file run.cif (mmCIF, C-alpha atoms and all ligand atoms)
data_query
loop_
_atom_site.group_PDB
_atom_site.id
_atom_site.type_symbol
_atom_site.label_atom_id
_atom_site.label_comp_id
_atom_site.auth_asym_id
_atom_site.auth_seq_id
_atom_site.Cartn_x
_atom_site.Cartn_y
_atom_site.Cartn_z
ATOM 1 C CA THR A 1118 10.615 -9.465 -6.736
ATOM 2 C CA LEU A 1119 7.260 -7.749 -6.773
ATOM 3 C CA GLU A 1120 4.279 -8.990 -8.769
ATOM 4 C CA ALA A 1121 1.789 -6.556 -10.280
ATOM 5 C CA TRP A 1122 -0.862 -6.724 -13.016
ATOM 6 C CA TYR A 1123 -3.602 -4.738 -14.690
ATOM 7 C CA MET A 1124 -7.003 -5.390 -13.132
ATOM 8 C CA ASP A 1125 -10.205 -6.528 -14.749
ATOM 9 C CA SER A 1126 -13.272 -4.364 -14.204
ATOM 10 C CA SER A 1127 -15.486 -6.964 -12.542
ATOM 11 C CA GLU A 1128 -17.377 -5.969 -9.409
ATOM 12 C CA GLU A 1129 -16.667 -9.317 -7.797
ATOM 13 C CA ASP A 1130 -15.128 -9.667 -4.298
ATOM 14 C CA GLN A 1131 -12.251 -7.190 -3.955
ATOM 15 C CA ARG A 1132 -10.146 -9.894 -2.277
ATOM 16 C CA LYS A 1133 -9.964 -11.930 -5.484
ATOM 17 C CA PRO A 1134 -6.944 -11.319 -7.770
ATOM 18 C CA HIS A 1135 -8.906 -9.596 -10.589
ATOM 19 C CA ARG A 1136 -6.366 -10.430 -13.269
ATOM 20 C CA LEU A 1137 -7.098 -9.822 -16.928
ATOM 21 C CA ASN A 1138 -7.329 -12.875 -19.155
ATOM 22 C CA PRO A 1139 -4.682 -13.243 -20.444
ATOM 23 C CA ASN A 1140 -2.783 -11.790 -17.498
ATOM 24 C CA GLN A 1141 -1.138 -8.427 -18.198
ATOM 25 C CA PRO A 1142 1.815 -8.120 -15.823
ATOM 26 C CA VAL A 1143 3.337 -4.765 -14.851
ATOM 27 C CA PRO A 1144 7.120 -4.762 -14.428
ATOM 28 C CA LEU A 1145 8.796 -3.041 -11.485
ATOM 29 C CA GLU A 1146 10.325 -0.405 -13.813
ATOM 30 C CA ASP A 1147 6.809 0.752 -14.727
ATOM 31 C CA LEU A 1148 5.923 1.036 -11.052
ATOM 32 C CA ASN A 1149 9.116 3.040 -10.465
ATOM 33 C CA GLN A 1150 7.993 5.414 -13.257
ATOM 34 C CA LEU A 1151 4.817 6.023 -11.261
ATOM 35 C CA GLY A 1152 6.904 6.850 -8.189
ATOM 36 C CA VAL A 1153 6.415 3.502 -6.459
ATOM 37 C CA PHE A 1154 9.491 1.917 -4.865
ATOM 38 C CA TYR A 1155 10.181 -1.421 -3.320
ATOM 39 C CA TRP A 1156 12.588 -3.271 -1.044
ATOM 40 C CA LYS A 1157 12.717 -6.945 -0.129
ATOM 41 C CA LEU A 1158 13.685 -7.574 3.492
ATOM 42 C CA ASN A 1159 13.802 -10.451 5.954
ATOM 43 C CA ALA A 1160 10.649 -9.989 8.012
ATOM 44 C CA ASP A 1161 11.681 -12.701 10.478
ATOM 45 C CA ILE A 1162 14.241 -10.315 11.951
ATOM 46 C CA TYR A 1163 12.358 -7.020 11.633
ATOM 47 C CA GLU A 1164 12.934 -6.183 15.292
ATOM 48 C CA ALA A 1165 16.694 -6.032 14.797
ATOM 49 C CA ASP A 1166 17.296 -5.818 11.062
ATOM 50 C CA PRO A 1167 20.311 -3.729 10.023
ATOM 51 C CA GLU A 1168 18.920 -3.437 6.460
ATOM 52 C CA LEU A 1169 15.630 -1.995 7.733
ATOM 53 C CA GLU A 1170 17.564 0.315 10.062
ATOM 54 C CA LYS A 1171 19.615 1.553 7.121
ATOM 55 C CA ILE A 1172 16.510 2.326 5.057
ATOM 56 C CA ARG A 1173 14.817 4.076 7.981
ATOM 57 C CA LYS A 1174 17.901 6.177 8.575
ATOM 58 C CA GLU A 1175 18.480 7.077 4.922
ATOM 59 C CA GLN A 1176 14.820 7.875 4.243
ATOM 60 C CA GLY A 1177 14.158 9.572 7.584
ATOM 61 C CA TYR A 1178 11.422 7.113 8.610
ATOM 62 C CA THR A 1179 11.495 8.034 12.292
ATOM 63 C CA TYR A 1180 7.966 6.836 13.108
ATOM 64 C CA MET A 1181 6.728 3.247 12.979
ATOM 65 C CA ASP A 1182 3.853 1.164 14.266
ATOM 66 C CA ILE A 1183 2.443 -2.269 13.532
ATOM 67 C CA LEU A 1184 -1.128 -3.263 12.713
ATOM 68 C CA SER A 1185 -2.633 -6.715 12.502
ATOM 69 C CA ILE A 1186 -5.494 -6.678 10.065
ATOM 70 C CA ARG A 1187 -7.885 -9.560 9.755
ATOM 71 C CA LYS A 1188 -11.382 -10.051 8.516
ATOM 72 C CA ASP A 1189 -13.968 -8.971 11.022
ATOM 73 C CA THR A 1190 -15.032 -12.427 12.180
ATOM 74 C CA LEU A 1191 -13.470 -12.715 15.625
ATOM 75 C CA PRO A 1192 -12.695 -9.928 18.036
ATOM 76 C CA ASP A 1193 -9.003 -9.917 18.818
ATOM 77 C CA TYR A 1194 -8.708 -9.027 22.497
ATOM 78 C CA GLU A 1195 -5.047 -9.897 22.797
ATOM 79 C CA ASN A 1196 -3.552 -7.426 20.409
ATOM 80 C CA LYS A 1197 -4.535 -3.870 21.256
ATOM 81 C CA ASN A 1198 -3.159 -2.703 17.949
ATOM 82 C CA SER A 1199 -5.423 -4.971 15.992
ATOM 83 C CA VAL A 1200 -7.843 -3.237 13.765
ATOM 84 C CA ARG A 1201 -11.241 -4.805 13.555
ATOM 85 C CA LEU A 1202 -12.163 -4.380 10.030
ATOM 86 C CA SER A 1203 -15.209 -3.829 7.975
ATOM 87 C CA LEU A 1204 -15.428 -0.102 8.443
ATOM 88 C CA GLN A 1205 -11.726 0.573 8.272
ATOM 89 C CA LEU A 1206 -11.261 -1.832 5.374
ATOM 90 C CA LYS A 1207 -14.060 -0.100 3.528
ATOM 91 C CA MET A 1208 -12.196 3.184 3.918
ATOM 92 C CA PHE A 1209 -8.929 1.638 2.839
ATOM 93 C CA PHE A 1210 -10.586 0.316 -0.325
ATOM 94 C CA THR A 1211 -12.108 3.685 -1.189
ATOM 95 C CA GLU A 1212 -9.867 5.365 -3.755
ATOM 96 C CA HIS A 1213 -7.878 8.121 -2.034
ATOM 97 C CA LEU A 1214 -4.627 10.037 -1.798
ATOM 98 C CA HIS A 1215 -2.454 11.408 1.007
ATOM 99 C CA LEU A 1216 -0.326 14.517 1.410
ATOM 100 C CA ASP A 1217 2.652 12.293 2.337
ATOM 101 C CA ASP A 1218 4.211 9.086 1.078
ATOM 102 C CA GLU A 1219 2.533 5.861 2.197
ATOM 103 C CA ILE A 1220 5.231 3.458 3.414
ATOM 104 C CA ARG A 1221 4.216 -0.081 4.301
ATOM 105 C CA TYR A 1222 6.233 -3.154 5.246
ATOM 106 C CA ILE A 1223 4.455 -6.517 5.291
ATOM 107 C CA LEU A 1224 5.589 -8.594 8.274
ATOM 108 C CA ASP A 1225 3.170 -11.474 7.749
ATOM 109 C CA GLY A 1226 0.286 -12.537 5.545
ATOM 110 C CA ARG A 1227 -0.547 -10.817 2.275
ATOM 111 C CA ALA A 1228 -2.272 -7.722 0.954
ATOM 112 C CA TYR A 1229 -3.070 -5.876 -2.253
ATOM 113 C CA PHE A 1230 -2.295 -2.259 -3.034
ATOM 114 C CA ASP A 1231 -4.043 -0.920 -6.124
ATOM 115 C CA ILE A 1232 -2.644 2.168 -7.827
ATOM 116 C CA ARG A 1233 -3.656 4.169 -10.900
ATOM 117 C CA ASP A 1234 -1.339 4.295 -13.895
ATOM 118 C CA LYS A 1235 -0.895 7.362 -16.146
ATOM 119 C CA GLN A 1236 -3.977 6.391 -18.175
ATOM 120 C CA ASP A 1237 -5.989 5.971 -14.977
ATOM 121 C CA ARG A 1238 -6.079 2.183 -15.201
ATOM 122 C CA TRP A 1239 -5.913 0.123 -12.004
ATOM 123 C CA ILE A 1240 -2.706 -1.793 -11.325
ATOM 124 C CA ARG A 1241 -2.877 -4.385 -8.542
ATOM 125 C CA ILE A 1242 0.317 -5.016 -6.558
ATOM 126 C CA VAL A 1243 0.492 -8.099 -4.358
ATOM 127 C CA LEU A 1244 2.632 -7.773 -1.248
ATOM 128 C CA GLY A 1245 3.779 -10.643 0.914
ATOM 129 C CA LYS A 1246 5.987 -11.161 3.924
ATOM 130 C CA GLY A 1247 9.201 -9.146 3.576
ATOM 131 C CA ASP A 1248 7.896 -6.638 1.003
ATOM 132 C CA LEU A 1249 8.350 -2.952 1.778
ATOM 133 C CA ILE A 1250 6.640 -0.510 -0.583
ATOM 134 C CA THR A 1251 6.436 3.260 -0.842
ATOM 135 C CA LEU A 1252 3.597 5.036 -2.648
ATOM 136 C CA PRO A 1253 4.246 8.671 -3.504
ATOM 137 C CA ALA A 1254 2.204 11.512 -1.998
ATOM 138 C CA GLY A 1255 -0.600 12.438 -4.392
ATOM 139 C CA ILE A 1256 -1.036 9.042 -6.088
ATOM 140 C CA TYR A 1257 -4.583 7.663 -6.152
ATOM 141 C CA HIS A 1258 -4.624 4.234 -4.523
ATOM 142 C CA ARG A 1259 -6.532 1.791 -2.334
ATOM 143 C CA PHE A 1260 -5.792 -1.219 -0.142
ATOM 144 C CA THR A 1261 -7.431 -4.590 0.506
ATOM 145 C CA LEU A 1262 -6.749 -7.930 2.114
ATOM 146 C CA ASP A 1263 -6.644 -10.925 -0.213
ATOM 147 C CA GLU A 1264 -8.623 -14.139 0.225
ATOM 148 C CA THR A 1265 -6.477 -15.206 3.190
ATOM 149 C CA ASP A 1266 -8.043 -12.292 5.113
ATOM 150 C CA TYR A 1267 -4.943 -11.562 7.165
ATOM 151 C CA THR A 1268 -1.901 -9.360 7.137
ATOM 152 C CA LYS A 1269 0.461 -7.785 9.635
ATOM 153 C CA VAL A 1270 1.864 -4.508 8.412
ATOM 154 C CA MET A 1271 4.411 -2.001 9.682
ATOM 155 C CA ARG A 1272 3.576 1.628 8.911
ATOM 156 C CA LEU A 1273 6.523 3.968 8.552
ATOM 157 C CA PHE A 1274 6.467 7.749 8.405
ATOM 158 C CA VAL A 1275 8.785 10.745 8.260
ATOM 159 C CA GLY A 1276 8.119 12.606 11.522
ATOM 160 C CA GLU A 1277 4.718 12.808 13.213
ATOM 161 C CA PRO A 1278 2.323 10.537 11.303
ATOM 162 C CA VAL A 1279 -0.632 11.937 9.401
ATOM 163 C CA TRP A 1280 -2.992 9.222 8.184
ATOM 164 C CA LYS A 1281 -5.648 11.515 6.748
ATOM 165 C CA ALA A 1282 -6.971 10.225 3.436
ATOM 166 C CA TYR A 1283 -8.637 12.410 0.812
ATOM 167 C CA ASN A 1284 -11.073 10.477 -1.311
ATOM 168 C CA ARG A 1285 -11.145 10.960 -5.033
ATOM 169 C CA PRO A 1286 -11.817 13.480 -6.518
ATOM 170 C CA ALA A 1287 -8.931 15.443 -5.020
ATOM 171 C CA ASP A 1288 -7.547 16.764 -8.305
ATOM 172 C CA ASP A 1289 -7.197 20.365 -7.151
ATOM 173 C CA PHE A 1290 -4.884 19.546 -4.265
ATOM 174 C CA ASP A 1291 -1.349 20.946 -4.657
ATOM 175 C CA ILE A 1292 0.106 17.529 -3.898
ATOM 176 C CA ARG A 1293 -1.992 15.957 -6.672
ATOM 177 C CA GLN A 1294 -0.920 18.618 -9.202
ATOM 178 C CA LYS A 1295 2.675 18.141 -8.147
ATOM 179 C CA TYR A 1296 2.418 14.375 -8.573
ATOM 180 C CA VAL A 1297 0.772 14.665 -12.002
ATOM 181 C CA ALA A 1298 3.481 17.127 -13.087
ATOM 182 C CA SER A 1299 6.171 14.702 -11.931
ATOM 183 C CA LEU A 1300 4.660 12.023 -14.188
ATOM 184 C CA LYS A 1301 4.794 14.295 -17.219
ATOM 185 C CA ALA A 1302 8.435 15.077 -16.525
ATOM 186 C CA SER A 1303 9.412 11.382 -16.350
HETATM 187 C C1 LIG A 1401 -3.989 3.476 3.412
HETATM 188 O O1 LIG A 1401 -3.919 4.669 3.645
HETATM 189 O O2 LIG A 1401 -4.252 3.073 2.286
HETATM 190 C C2 LIG A 1401 -3.715 2.531 4.480
HETATM 191 O O3 LIG A 1401 -3.174 2.896 5.476
HETATM 192 C C3 LIG A 1401 -4.120 1.130 4.308
HETATM 193 C C4 LIG A 1401 -3.011 0.204 4.166
HETATM 194 S S1 LIG A 1401 -2.043 -0.238 5.598
HETATM 195 C C5 LIG A 1401 -3.024 -0.330 7.005
HETATM 196 NI NI NI A 1402 -3.593 5.251 1.612
#
call {"tool": "encode", "arguments": {"input": "run.cif", "output": "structure tokens"}}
result
Amino acid sequence: TLEAWYMDSSEEDQRKPHRLNPNQPVPLEDLNQLGVFYWKLNADIYEADPELEKIRKEQGYTYMDILSIRKDTLPDYENKNSVRLSLQLKMFFTEHLHLDDEIRYILDGRAYFDIRDKQDRWIRIVLGKGDLITLPAGIYHRFTLDETDYTKVMRLFVGEPVWKAYNRPADDFDIRQKYVASLKAS
């Protein structure tokens, strides 16, 4: 299952866990209420996984690509898809929203997704190998590596991918208003 917790407000290294003391866990049902959904899969067989195929088919996730993300210490000449960090990671960790769902499947390593709850508090979600998560369009969120500084992530999308991120504040966007309204209804 998925582990999530409320974050402390310290400005320390974003890759640290930032748990409150005592820890304040967030159950999966609370994440579901915020429009966040989760599947556990076997990442060892992602290239031919009938469960992943089923999800992609049911959800219409026609597009996919894979990124290796590691801390910007060594250039990675072998993997053309590798993203050399600092700049990109800085953008990922800047609070933002998208006009579409963000669907990510961790194939290796670990990463944190931080999302805002209804009271605008940060919830940190830790994802490891085999975790597939969907964040709803319009939710404010951010992404970071953890202290292991490495993850390999599959990005899924319905149709032609649009990665554009709108940094907060983006409260006047239709998608944001729609998301906020959906929270009030639930
Ligand atoms: C985003 O929009 O937050 C990201 O794509 C970062 C996480 S996966 C590379
Ligand atoms: Ni995003």
call {"tool": "closest_residue", "arguments": {"input": "run.cif", "among": "A:Leu1169, A:Ala1228, A:Ile1240, A:Ile1162", "to": "Pro1144 in chain A", "atoms": "all atoms listed in the file"}}
result
A:Ile1240
call {"tool": "resolve_selection", "arguments": {"input": "run.cif", "expression": "the PyMOL selection byres (((chain A and resi 1278-1295) around 9) and not hetatm)", "output": "PDB file with C-alpha atoms, in the coordinates of the input"}}
result
ATOM      1  CA  TYR A1180       7.966   6.836  13.108  1.00  0.00           C
ATOM      2  CA  MET A1181       6.728   3.247  12.979  1.00  0.00           C
ATOM      3  CA  MET A1208     -12.196   3.184   3.918  1.00  0.00           C
ATOM      4  CA  PHE A1209      -8.929   1.638   2.839  1.00  0.00           C
ATOM      5  CA  THR A1211     -12.108   3.685  -1.189  1.00  0.00           C
ATOM      6  CA  GLU A1212      -9.867   5.365  -3.755  1.00  0.00           C
ATOM      7  CA  HIS A1213      -7.878   8.121  -2.034  1.00  0.00           C
ATOM      8  CA  LEU A1214      -4.627  10.037  -1.798  1.00  0.00           C
ATOM      9  CA  HIS A1215      -2.454  11.408   1.007  1.00  0.00           C
ATOM     10  CA  LEU A1216      -0.326  14.517   1.410  1.00  0.00           C
ATOM     11  CA  ASP A1217       2.652  12.293   2.337  1.00  0.00           C
ATOM     12  CA  GLU A1219       2.533   5.861   2.197  1.00  0.00           C
ATOM     13  CA  ALA A1254       2.204  11.512  -1.998  1.00  0.00           C
ATOM     14  CA  GLY A1255      -0.600  12.438  -4.392  1.00  0.00           C
ATOM     15  CA  ILE A1256      -1.036   9.042  -6.088  1.00  0.00           C
ATOM     16  CA  TYR A1257      -4.583   7.663  -6.152  1.00  0.00           C
ATOM     17  CA  LEU A1273       6.523   3.968   8.552  1.00  0.00           C
ATOM     18  CA  PHE A1274       6.467   7.749   8.405  1.00  0.00           C
ATOM     19  CA  VAL A1275       8.785  10.745   8.260  1.00  0.00           C
ATOM     20  CA  GLY A1276       8.119  12.606  11.522  1.00  0.00           C
ATOM     21  CA  GLU A1277       4.718  12.808  13.213  1.00  0.00           C
ATOM     22  CA  TYR A1296       2.418  14.375  -8.573  1.00  0.00           C
ATOM     23  CA  VAL A1297       0.772  14.665 -12.002  1.00  0.00           C
ATOM     24  CA  ALA A1298       3.481  17.127 -13.087  1.00  0.00           C
ATOM     25  CA  SER A1299       6.171  14.702 -11.931  1.00  0.00           C
ATOM     26  CA  LEU A1300       4.660  12.023 -14.188  1.00  0.00           C
TER      27      LEU A1300
END
call {"tool": "closest_residue", "arguments": {"input": "run.cif", "among": "A:Tyr1155, A:Tyr1178, A:Phe1230, A:Trp1239", "to": "Arg1132 in chain A", "atoms": "all atoms listed in the file"}}
result
A:Phe1230
call {"tool": "resolve_selection", "arguments": {"input": "run.cif", "expression": "the PyMOL selection byres (((chain A and resi 1140) around 9) and not hetatm)", "output": "PyMOL selection string"}}
result
chain A and resi 1122-1124+1136-1139+1141-1142
call {"tool": "axis_aligned_box", "arguments": {"input": "run.cif", "around": "ligand LIG 1401 (chain A)", "padding_each_side": "3 Å", "output": "AutoDock Vina command-line options"}}
result
--center_x -3.1 --center_y 2.2 --center_z 4.6 --size_x 8.2 --size_y 11.0 --size_z 10.7
call {"tool": "closest_residue", "arguments": {"input": "run.cif", "among": "A:Phe1260, A:Phe1154, A:Phe1210, A:Tyr1222", "to": "Lys1246 in chain A", "atoms": "only C-alpha atoms"}}
result
A:Tyr1222
